[in-house]
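Chemist: Would you mind keeping the following structure in view while I ask a few things?
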Amino acid sequence: METVVSGIRSTGKLHLGNYYGAIQNFIKMQHEYNCYFFIADLHSLTTHPTPSDLYGNVKQVLIEYLAAGIDPEQATIYVQSDVPEVAELYLYLNMNAYLGELERATSFKDKVRANPDNVNAGLLTYPVLMAADILIHKATKVPVGKDQEQHLEMARTFGNRFNRLYNHEYFPEPYAFSYGDKLVKIPGLDGKGKMGKSEGEGNAVYLSDSPEVIRKKVMKAVTDGGPTTENQEKPAEIQNLFDLMKVVSTPDTLQHFDGLYNQCQIRYGDFKKQLAEDMIIATSPIREKINDIANDQPYLRQVARFGAAKARESASKTIREIREIIGFRNF
Ligand code: TRP
């Protein structure tokens, strides 16, 4: 059976972008593949969280994975830092990751632009750590959103380079995966880019947001003066809202508002009200479970321990083999 790996950075609450870009695929894949889903707390260290923020964020993501429907009996759910073998593989892969290619990564360039005062080596080698996450379980399928495609290409490069260096077909090639025909990009509410936590308050709708908060955020989303000619192209901020409707609403609802737009009869107030209500319907069952699971510390501890043990079993096997291939041998 093919192996699947994916993770989400532990920066706290999960939003609709995480849910539709990744988690919905996790939930389906867990029944069909050998799945490892982890919480990327090592990756989150690039922004220097305080110890209590780090702990709180990891716990929150674990709670929300479970509330969204990832089943610890079906998939291996673990915290990245509970598997030190990942950090060891990261070290080995770093020896064959070149400065030029790391500097050219889009995500790195974006981070440098956004935070010129914190261009640390961990940020530069973020794709190497991500490759280690994937290769440690010899995964071939990686459910991620569109923005991670370049990182997957780098993971293939690093794995292939290792294979070539040691003349050993060891790592298989991992590819981005989605059940839809293409990888998903969920836009934010600010009319600009993708939904994300770092894009500013109000841009993201969280799985834990109450109905009132969701309504408020959606009603504040940027719109224009409305269409003036029939069937005109939608400006980015309007297209984004339609893209969101496409994932949370029924096809009929989407078609209805699309038709109104094309006939210049759309009322953005009604459109947004519908969008907000459909987001509430999509997230409410998860939000209700979040509260229950959050209060069950013994269950969380049990899930994390069980997952760490299963993940380490797979990871330590890889490390044992890798050490042998590299030439670390016992006297
Ligand atoms: N880079 C991913 C993100 O920002 C998170 C991630 C880290 C990941 N390691 C991974 C995803 C391994 C898939 C596989 O969302």
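By convention in this document, the chains of the structure tokens carry letters A, B, ... by their order, each chain's residues are numbered from 1, and ligands are numbered from 1 in the order they are shown.
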Please identify the residues whose atoms come within 10 Å of ligand 1, using only C-alpha atoms and all ligand atoms, and report them as a ChimeraX atom specification.

Modeler: /A:4-11,17-18,21-22,36-44,80,107,126-135,139,141-149,151-152,155,174,176

Chemist: Mind checking which residues fall within 12 Å of region 273-278 of chain A, counting only C-alpha atoms, ignoring those fewer than 2 positions away in the same chain, and posting them as a PyMOL selection string?

Modeler: chain A and resi 189+205+209-221+240-251+253-254+256-257+267-271+280-284

Chemist: Just to be explicit: take each residue in the selection above, keep N, CA and C atoms, and write the result as a short mmCIF file (atom, residue, chain, number, x, y, z; two decimals), in the first residue's frame.

Modeler:
data_model
loop_
_atom_site.label_atom_id
_atom_site.label_comp_id
_atom_site.auth_asym_id
_atom_site.auth_seq_id
_atom_site.Cartn_x
_atom_site.Cartn_y
_atom_site.Cartn_z
N LEU A 189 -10.25 36.54 2.71
CA LEU A 189 -11.35 37.50 2.58
C LEU A 189 -10.87 38.91 2.26
N VAL A 205 -11.10 32.58 7.92
CA VAL A 205 -12.21 32.07 8.72
C VAL A 205 -11.72 30.78 9.38
N ASP A 209 -14.21 29.47 14.73
CA ASP A 209 -14.96 30.73 14.79
C ASP A 209 -16.45 30.48 15.05
N SER A 210 -17.03 31.31 15.90
CA SER A 210 -18.47 31.19 16.16
C SER A 210 -19.24 31.74 14.96
N PRO A 211 -20.53 31.36 14.83
CA PRO A 211 -21.33 31.89 13.72
C PRO A 211 -21.31 33.42 13.66
N GLU A 212 -21.36 34.08 14.80
CA GLU A 212 -21.37 35.56 14.79
C GLU A 212 -20.08 36.10 14.20
N VAL A 213 -18.96 35.48 14.59
CA VAL A 213 -17.66 35.94 14.08
C VAL A 213 -17.59 35.71 12.57
N ILE A 214 -18.06 34.55 12.13
CA ILE A 214 -18.01 34.25 10.68
C ILE A 214 -18.84 35.28 9.91
N ARG A 215 -20.05 35.56 10.41
CA ARG A 215 -20.91 36.55 9.72
C ARG A 215 -20.21 37.90 9.63
N LYS A 216 -19.61 38.30 10.75
CA LYS A 216 -18.95 39.61 10.78
C LYS A 216 -17.80 39.68 9.77
N LYS A 217 -16.98 38.62 9.76
CA LYS A 217 -15.82 38.62 8.85
C LYS A 217 -16.26 38.64 7.38
N VAL A 218 -17.26 37.83 7.07
CA VAL A 218 -17.67 37.74 5.66
C VAL A 218 -18.32 39.05 5.22
N MET A 219 -19.13 39.65 6.08
CA MET A 219 -19.80 40.90 5.69
C MET A 219 -18.78 42.02 5.47
N LYS A 220 -17.63 41.89 6.13
CA LYS A 220 -16.59 42.92 5.96
C LYS A 220 -15.72 42.71 4.73
N ALA A 221 -15.86 41.56 4.08
CA ALA A 221 -15.00 41.26 2.92
C ALA A 221 -15.16 42.35 1.86
N ASN A 240 -12.68 35.79 -5.73
CA ASN A 240 -12.29 35.09 -4.50
C ASN A 240 -13.50 34.64 -3.70
N LEU A 241 -14.49 35.52 -3.59
CA LEU A 241 -15.69 35.15 -2.82
C LEU A 241 -16.45 34.04 -3.53
N PHE A 242 -16.48 34.09 -4.85
CA PHE A 242 -17.11 33.00 -5.59
C PHE A 242 -16.33 31.70 -5.41
N ASP A 243 -15.02 31.80 -5.37
CA ASP A 243 -14.20 30.59 -5.15
C ASP A 243 -14.49 29.98 -3.78
N LEU A 244 -14.69 30.85 -2.80
CA LEU A 244 -15.03 30.35 -1.46
C LEU A 244 -16.40 29.69 -1.48
N MET A 245 -17.34 30.33 -2.18
CA MET A 245 -18.68 29.76 -2.27
C MET A 245 -18.63 28.39 -2.95
N LYS A 246 -17.75 28.26 -3.89
CA LYS A 246 -17.63 27.00 -4.61
C LYS A 246 -17.28 25.84 -3.66
N VAL A 247 -16.49 26.12 -2.62
CA VAL A 247 -16.14 25.02 -1.71
C VAL A 247 -17.15 24.81 -0.58
N VAL A 248 -17.83 25.86 -0.15
CA VAL A 248 -18.73 25.66 1.00
C VAL A 248 -20.21 25.50 0.63
N SER A 249 -20.61 26.01 -0.53
CA SER A 249 -22.04 26.00 -0.88
C SER A 249 -22.38 24.89 -1.86
N THR A 250 -23.66 24.70 -2.11
CA THR A 250 -24.08 23.70 -3.10
C THR A 250 -23.88 24.27 -4.51
N PRO A 251 -23.75 23.41 -5.51
CA PRO A 251 -23.61 23.89 -6.90
C PRO A 251 -24.78 24.80 -7.30
N THR A 253 -26.56 26.84 -5.42
CA THR A 253 -26.39 28.17 -4.82
C THR A 253 -25.36 28.97 -5.62
N LEU A 254 -24.26 28.30 -5.93
CA LEU A 254 -23.20 28.97 -6.69
C LEU A 254 -23.74 29.46 -8.04
N HIS A 256 -26.78 30.06 -8.89
CA HIS A 256 -27.76 31.11 -8.67
C HIS A 256 -27.08 32.48 -8.62
N PHE A 257 -26.06 32.61 -7.77
CA PHE A 257 -25.40 33.92 -7.63
C PHE A 257 -24.56 34.27 -8.84
N ARG A 267 -26.87 41.24 -5.50
CA ARG A 267 -26.77 42.16 -4.36
C ARG A 267 -25.75 41.54 -3.43
N TYR A 268 -24.64 42.23 -3.27
CA TYR A 268 -23.53 41.64 -2.52
C TYR A 268 -23.90 41.31 -1.07
N GLY A 269 -24.83 42.08 -0.51
CA GLY A 269 -25.28 41.80 0.86
C GLY A 269 -25.89 40.41 0.96
N ASP A 270 -26.77 40.09 0.03
CA ASP A 270 -27.42 38.77 0.03
C ASP A 270 -26.40 37.67 -0.24
N PHE A 271 -25.53 37.96 -1.20
CA PHE A 271 -24.50 37.00 -1.60
C PHE A 271 -23.62 36.64 -0.40
N ILE A 280 -20.92 28.58 8.00
CA ILE A 280 -21.35 28.18 9.35
C ILE A 280 -21.81 26.72 9.34
N ILE A 281 -22.59 26.35 8.31
CA ILE A 281 -23.06 24.96 8.20
C ILE A 281 -21.86 24.02 8.07
N ALA A 282 -20.85 24.44 7.29
CA ALA A 282 -19.69 23.57 7.06
C ALA A 282 -18.84 23.40 8.32
N THR A 283 -18.76 24.44 9.13
CA THR A 283 -17.81 24.38 10.26
C THR A 283 -18.45 24.02 11.60
N SER A 284 -19.76 24.20 11.74
CA SER A 284 -20.38 24.01 13.06
C SER A 284 -20.14 22.64 13.69
#

Chemist: Of the candidates A:Gln232, A:Gln150, A:Thr223, A:Ser316, which one gets nearest to Pro84 (chain A) if we count only C-alpha atoms?

Modeler: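 Under the stated criterion, the closest residue is A:Ser316.
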
Chemist: Considering only C-alpha atoms, return as a compact mmCIF listing (two decimals) with N, CA and C atoms, in the first residue's frame whatever protein or nucleic-acid residues lie within 9 Å of Glu233 (chain A), sequence-local ones (same chain, fewer than 3 positions apart) excluded.

Modeler:
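The result, stored in out-v8.txt:
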# COMPACT_ATOMS: atom_id res chain seq x y z
N PRO A 227 -21.30 44.70 -10.92
CA PRO A 227 -21.08 44.59 -12.36
C PRO A 227 -21.93 45.62 -13.11
N GLN A 239 -14.11 37.40 -7.48
CA GLN A 239 -13.82 36.02 -7.87
C GLN A 239 -13.45 35.19 -6.64
N ASN A 262 -23.93 37.73 -13.58
CA ASN A 262 -23.86 37.88 -15.04
C ASN A 262 -24.96 38.76 -15.59

Chemist: DSSP says alpha helix (DSSP H) for which residues of region 164-316 of chain A? Put them as a ChimeraX atom specification?

Modeler: /A:164-165,211-220,236-248,251-262,268-294,297-316

Chemist: Using only C-alpha atoms, can you tell me which of A:Asn163, A:Asn295, A:Asn94, A:Gln30 comes closest to Thr76 (chain A)?

Modeler: A:Gln30
